[in-house]
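As provided, final26.cif (mmCIF, C-alpha atoms) reads as follows.
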```cif
data_data
loop_
_atom_site.label_atom_id
_atom_site.label_comp_id
_atom_site.auth_asym_id
_atom_site.auth_seq_id
_atom_site.Cartn_x
_atom_site.Cartn_y
_atom_site.Cartn_z
CA MET O 1 -24.74 33.96 91.63
CA LEU O 2 -23.18 37.24 90.62
CA SER O 3 -21.47 38.29 87.43
CA ILE O 4 -19.01 41.11 88.03
CA GLN O 5 -18.96 43.59 85.17
CA PRO O 6 -15.53 45.19 84.96
CA SER O 7 -15.32 48.95 84.67
CA LYS O 8 -12.87 51.67 85.56
CA PRO O 9 -13.21 51.41 89.34
CA GLN O 10 -12.31 54.31 91.59
CA LYS O 11 -9.31 53.64 93.86
CA CYS O 12 -10.34 53.83 97.49
CA THR O 13 -9.40 52.68 100.99
CA PRO O 14 -12.14 51.20 103.20
CA ASN O 15 -12.12 52.28 106.86
CA LEU O 16 -13.51 49.96 109.53
CA LEU O 17 -14.73 52.03 112.47
CA PRO O 18 -15.50 50.77 115.98
CA ALA O 19 -19.00 52.23 115.79
CA ARG O 20 -22.44 51.45 114.44
CA ILE O 21 -23.82 54.14 112.16
CA ASN O 22 -27.41 53.82 111.01
CA HIS O 23 -26.89 55.59 107.70
CA ASN O 24 -26.14 54.24 104.27
CA GLY O 25 -25.43 56.80 101.59
CA PRO O 26 -23.61 60.02 100.87
CA ILE O 27 -23.26 62.87 103.35
CA ASN O 28 -22.70 66.54 102.73
CA ASP O 29 -19.40 67.99 103.93
CA ALA O 30 -17.70 64.67 104.80
CA GLU O 31 -14.58 66.44 106.12
CA ARG O 32 -16.68 67.92 108.92
CA TYR O 33 -17.23 64.41 110.31
CA TRP O 34 -14.15 62.47 109.15
CA LYS O 35 -10.67 63.95 108.75
CA PRO O 36 -7.91 61.42 109.54
CA GLU O 37 -4.38 62.76 109.99
CA THR O 38 -0.93 61.16 110.04
CA ASP O 39 1.54 62.21 112.75
CA ASP O 40 5.34 62.56 112.53
CA LYS O 41 5.80 58.84 113.32
CA GLY O 42 3.50 57.76 110.48
CA LYS O 43 0.67 56.80 112.84
CA GLN O 44 -2.89 57.60 111.78
CA HIS O 45 -5.26 59.45 114.10
CA ALA O 46 -8.82 60.72 113.79
CA TYR O 47 -11.54 62.05 116.02
CA PHE O 48 -15.05 60.76 115.46
CA ARG O 49 -17.87 62.12 117.62
CA GLY O 50 -15.29 63.29 120.16
CA ARG O 51 -13.53 59.91 120.44
CA HIS O 52 -9.83 59.61 119.61
CA LEU O 53 -9.26 56.74 117.16
CA HIS O 54 -5.99 55.13 116.08
CA GLY O 55 -5.71 53.64 112.60
CA THR O 56 -3.83 50.52 111.57
CA THR O 57 -3.33 49.80 107.88
CA LEU O 58 -3.91 46.18 106.92
CA PRO O 59 -2.65 45.46 103.39
CA LEU O 60 -4.39 42.72 101.46
CA PRO O 61 -2.26 39.64 100.82
CA GLN O 62 -0.15 39.53 97.68
CA ASN O 63 -2.17 38.64 94.53
CA TYR O 64 -5.46 39.79 96.13
CA THR O 65 -7.56 42.76 95.05
CA GLY O 66 -10.43 44.24 97.00
CA ALA O 67 -13.55 45.14 95.04
CA ILE O 68 -16.52 47.31 95.95
CA LEU O 69 -19.58 46.09 94.08
CA HIS O 70 -23.01 47.53 93.39
CA VAL O 71 -25.51 44.72 92.80
CA THR O 72 -28.03 45.77 90.17
CA ASP O 73 -31.45 44.42 89.26
CA LYS O 74 -30.10 43.38 85.86
CA GLN O 75 -29.80 39.68 85.14
CA LEU O 76 -27.78 37.73 82.62
CA PRO O 77 -29.80 35.43 80.39
CA GLN O 78 -30.52 32.22 82.26
CA THR O 79 -28.20 29.35 81.58
CA ARG O 80 -28.40 25.77 82.68
CA THR O 81 -25.63 24.02 84.55
CA GLN O 82 -24.25 20.92 82.94
CA PRO O 83 -24.36 17.82 85.11
CA GLN O 84 -21.03 16.45 86.26
CA GLN O 85 -19.81 13.52 84.20
CA PRO O 86 -18.79 10.43 86.20
CA VAL O 87 -15.05 10.12 86.74
CA ASP O 88 -14.64 6.53 87.95
CA ASP O 89 -15.98 3.34 86.42
CA GLU O 90 -17.98 2.82 89.62
CA GLU O 91 -19.73 6.16 89.19
CA GLU O 92 -20.76 5.47 85.59
CA ASP O 93 -23.94 3.82 86.84
CA ALA O 94 -24.86 6.94 88.85
CA GLU O 95 -28.03 8.77 87.87
CA VAL O 96 -27.51 11.83 85.67
CA GLU O 97 -29.27 14.85 87.13
CA GLU O 98 -31.23 17.20 84.94
CA SER O 99 -29.65 20.58 84.34
CA ILE O 100 -30.66 23.25 86.85
CA PRO O 101 -31.46 26.84 85.79
CA VAL O 102 -29.05 29.35 87.31
CA GLU O 103 -30.06 32.96 88.02
CA VAL O 104 -27.12 35.33 87.59
CA LYS O 105 -27.41 38.95 88.72
CA VAL O 106 -25.07 41.66 87.43
CA ALA O 107 -22.80 43.47 89.90
CA GLU O 108 -20.92 46.57 88.76
CA GLN O 109 -17.47 47.15 90.21
CA VAL O 110 -17.40 50.74 91.45
CA GLY O 111 -14.24 50.66 93.55
CA ALA O 112 -10.97 48.80 94.06
CA PHE O 113 -8.58 48.69 97.00
CA GLY O 114 -5.36 47.05 98.16
CA GLU O 115 -5.54 47.87 101.86
CA VAL O 116 -8.03 48.41 104.67
CA ILE O 117 -7.62 50.80 107.61
CA ILE O 118 -8.91 49.42 110.91
CA TRP O 119 -9.62 52.00 113.59
CA GLY O 120 -9.55 51.33 117.33
CA HIS O 121 -10.11 53.20 120.61
CA GLY O 122 -7.24 54.02 122.94
CA GLY O 123 -4.35 52.76 120.80
CA GLU O 124 -3.38 50.92 117.68
CA VAL O 125 -5.31 47.82 116.73
CA ASP O 126 -3.58 44.65 117.88
CA GLY O 127 -3.02 42.42 114.86
CA SER O 128 -3.58 39.15 116.71
CA GLY O 129 -6.37 40.27 119.04
CA ASP O 130 -8.61 42.25 116.71
CA ALA O 131 -11.59 40.37 115.28
CA PHE O 132 -11.33 42.06 111.87
CA VAL O 133 -7.63 41.24 111.46
CA ARG O 134 -8.12 37.64 112.59
CA GLY O 135 -11.19 37.33 110.37
CA MET O 136 -9.32 38.61 107.32
CA ASN O 137 -6.41 36.23 107.91
CA GLU O 138 -8.69 33.26 108.56
CA TRP O 139 -10.85 34.07 105.54
CA VAL O 140 -7.80 34.29 103.24
CA GLY O 141 -6.50 30.96 104.54
CA PHE O 142 -9.91 29.36 104.08
CA ALA O 143 -10.31 30.82 100.57
CA GLU O 144 -6.90 29.57 99.51
CA SER O 145 -7.58 26.07 100.80
CA MET O 146 -10.89 26.03 98.89
CA HIS O 147 -9.38 27.17 95.59
CA VAL O 148 -6.12 25.25 95.45
CA ASP O 149 -6.16 22.34 93.00
CA GLU O 150 -4.72 19.05 94.18
CA GLU O 151 -1.91 19.38 91.60
CA GLU O 152 -1.03 22.89 92.85
CA GLN O 153 -1.14 21.68 96.44
CA ASP O 154 1.28 18.86 95.62
CA GLU O 155 3.66 21.20 93.80
CA GLY O 156 3.40 23.94 96.45
CA MET O 157 2.13 26.47 93.91
CA LYS O 158 -0.37 29.20 94.69
CA PRO O 159 -3.17 30.52 92.47
CA GLU O 160 -2.19 33.62 90.49
CA SER O 161 -4.80 36.25 91.39
CA LYS O 162 -7.75 36.48 93.71
CA SER O 163 -10.44 38.99 94.75
CA VAL O 164 -11.65 39.86 98.21
#
```

As C-alpha cells, what does this structure read like?
Amino acid sequence: MLSIQPSKPQKCTPNLLPARINHNGPINDAERYWKPETDDKGKQHAYFRGRHLHGTTLPLPQNYTGAILHVTDKQLPQTRTQPQQPVDDEEEDAEVEESIPVEVKVAEQVGAFGEVIIWGHGGEVDGSGDAFVRGMNEWVGFAESMHVDEEEQDEGMKPESKSV
C-alpha cells in the first residue's frame, strides 16, 4: 500500500510519445530535443528525432486530478487491519480472521495535472482508435464502478473527487 504525502506539487502536463526511450532522468538542454509549438488553428506540433508529431490534448474527467508520485523508502509505522465484522445473522458463525500486518510505503506528490497530451505520427490522435485514449476512458469507467456505493448507484450520484 502507499500513503500519499501531500505537498505543494508542481503543475505539469504529461506527454505520451509514440516512441520508446531508454532513459529515465533529467537531460541537459531539454529544448534542444523537445519544443512543441501551436499553430494558428490551435493544433500542436513537434519534431522528435526528425519525425513530425501531432498532439491531442486529453483532459481528465471532471472531479479527477492527476498526480505524479515519487515512492520513497520511508514506511509508516505498521498497523494491523481489523477483521470484517459479520453483517448477516448467517455470517455470525463465520470464523474471525486474525489481523494482518500491513506495510505502507510513503509516496511524495511531486506533480499535479489536469490533462495529458497524446502525440501521434502523421496526424492527430483518433480519440476512439488510440489505445491510450481508450485505456483512459475504460480505466475511468472501471474505477467509477469500483468506487460507487450501492446507495450512490441507486440515487444516480457520483463520488466527489478522485485521483488518477

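Here CA of Asn137 in chain O and CA of Leu58 in chain O stand 10.3 Å from one another.
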
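Distances from O:Gln10, O:Pro61, O:Asp126, O:Glu31 to Trp139 in chain O were compared using only C-alpha atoms, and the smallest one belongs to O:Pro61.
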
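Across the structure, CA of His54 in chain O and CA of His23 in chain O are spaced 22.5 Å apart.
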
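CA of Ala143 in chain O is positioned 17.6 Å from CA of Ala131 in chain O.
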
Tell me which protein, DNA and RNA residues are within 10 Å of Ser3 in chain O, counting all atoms listed in the file, leaving out same-chain ones fewer than 4 positions away, and put them as a PyMOL selection string. chain O and resi 71+75-76+104-108

Please evaluate the PyMOL selection byres ((chain O and resi 8) around 12) against the displayed coordinates and give the resulting residues as a compact mmCIF listing (two decimals) with C-alpha atoms, in the frame of the given file.
```txt
# COMPACT_ATOMS: atom_id res chain seq x y z
CA GLN O 5 -18.96 43.59 85.17
CA PRO O 6 -15.53 45.19 84.96
CA SER O 7 -15.32 48.95 84.67
CA PRO O 9 -13.21 51.41 89.34
CA GLN O 10 -12.31 54.31 91.59
CA LYS O 11 -9.31 53.64 93.86
CA ALA O 67 -13.55 45.14 95.04
CA ILE O 68 -16.52 47.31 95.95
CA GLU O 108 -20.92 46.57 88.76
CA GLN O 109 -17.47 47.15 90.21
CA VAL O 110 -17.40 50.74 91.45
CA GLY O 111 -14.24 50.66 93.55
CA ALA O 112 -10.97 48.80 94.06
```

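Nearest residue to Met1 in chain O, choosing from O:Asn28, O:Glu103, O:Asp39, O:His45 and counting only C-alpha atoms: O:Glu103.
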
Step by step, work through what the PyMOL selection byres ((chain O and resi 52) around 10) selects in the shown file, and finish by giving those residues as a PDB file with C-alpha atoms, in the frame of the given file.
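result-v7.pdb written:
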```pdb
ATOM      1  CA  HIS O  45      -5.260  59.450 114.100  1.00  0.00           C
ATOM      2  CA  ALA O  46      -8.820  60.720 113.790  1.00  0.00           C
ATOM      3  CA  TYR O  47     -11.540  62.050 116.020  1.00  0.00           C
ATOM      4  CA  PHE O  48     -15.050  60.760 115.460  1.00  0.00           C
ATOM      5  CA  ARG O  49     -17.870  62.120 117.620  1.00  0.00           C
ATOM      6  CA  GLY O  50     -15.290  63.290 120.160  1.00  0.00           C
ATOM      7  CA  ARG O  51     -13.530  59.910 120.440  1.00  0.00           C
ATOM      8  CA  LEU O  53      -9.260  56.740 117.160  1.00  0.00           C
ATOM      9  CA  HIS O  54      -5.990  55.130 116.080  1.00  0.00           C
ATOM     10  CA  TRP O 119      -9.620  52.000 113.590  1.00  0.00           C
ATOM     11  CA  GLY O 120      -9.550  51.330 117.330  1.00  0.00           C
ATOM     12  CA  HIS O 121     -10.110  53.200 120.610  1.00  0.00           C
ATOM     13  CA  GLY O 122      -7.240  54.020 122.940  1.00  0.00           C
ATOM     14  CA  GLY O 123      -4.350  52.760 120.800  1.00  0.00           C
TER      15      GLY O 123
END
```

Explicit residues for the PyMOL selection byres ((chain O and resi 118) around 6) (as JSON, numbers by chain): {"O": [15, 16, 55, 56, 117, 119]}

Neighbours of Glu115 in chain O within 9 Å (only C-alpha atoms; same-chain residues fewer than 4 positions away dropped), as a short mmCIF file (atom, residue, chain, number, x, y, z; two decimals) with C-alpha atoms, in the coordinates of the input?
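Just written: selection22.cif:
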```
data_model
loop_
_atom_site.label_atom_id
_atom_site.label_comp_id
_atom_site.auth_asym_id
_atom_site.auth_seq_id
_atom_site.Cartn_x
_atom_site.Cartn_y
_atom_site.Cartn_z
CA CYS O 12 -10.34 53.83 97.49
CA THR O 13 -9.40 52.68 100.99
CA PRO O 14 -12.14 51.20 103.20
CA THR O 57 -3.33 49.80 107.88
CA LEU O 58 -3.91 46.18 106.92
CA PRO O 59 -2.65 45.46 103.39
CA LEU O 60 -4.39 42.72 101.46
CA PRO O 61 -2.26 39.64 100.82
CA THR O 65 -7.56 42.76 95.05
CA GLY O 66 -10.43 44.24 97.00
#
```

Write out as a PDB file with C-alpha atoms, keeping the file's coordinate frame which residues come within 12 Å of Gly141 in chain O when counting all atoms listed in the file, dropping same-chain ones fewer than 6 positions away.
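Written file, selection.pdb:
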```pdb
ATOM      1  CA  PRO O  61      -2.260  39.640 100.820  1.00  0.00           C
ATOM      2  CA  ARG O 134      -8.120  37.640 112.590  1.00  0.00           C
ATOM      3  CA  GLY O 135     -11.190  37.330 110.370  1.00  0.00           C
ATOM      4  CA  HIS O 147      -9.380  27.170  95.590  1.00  0.00           C
ATOM      5  CA  VAL O 148      -6.120  25.250  95.450  1.00  0.00           C
ATOM      6  CA  LYS O 158      -0.370  29.200  94.690  1.00  0.00           C
TER       7      LYS O 158
END
```
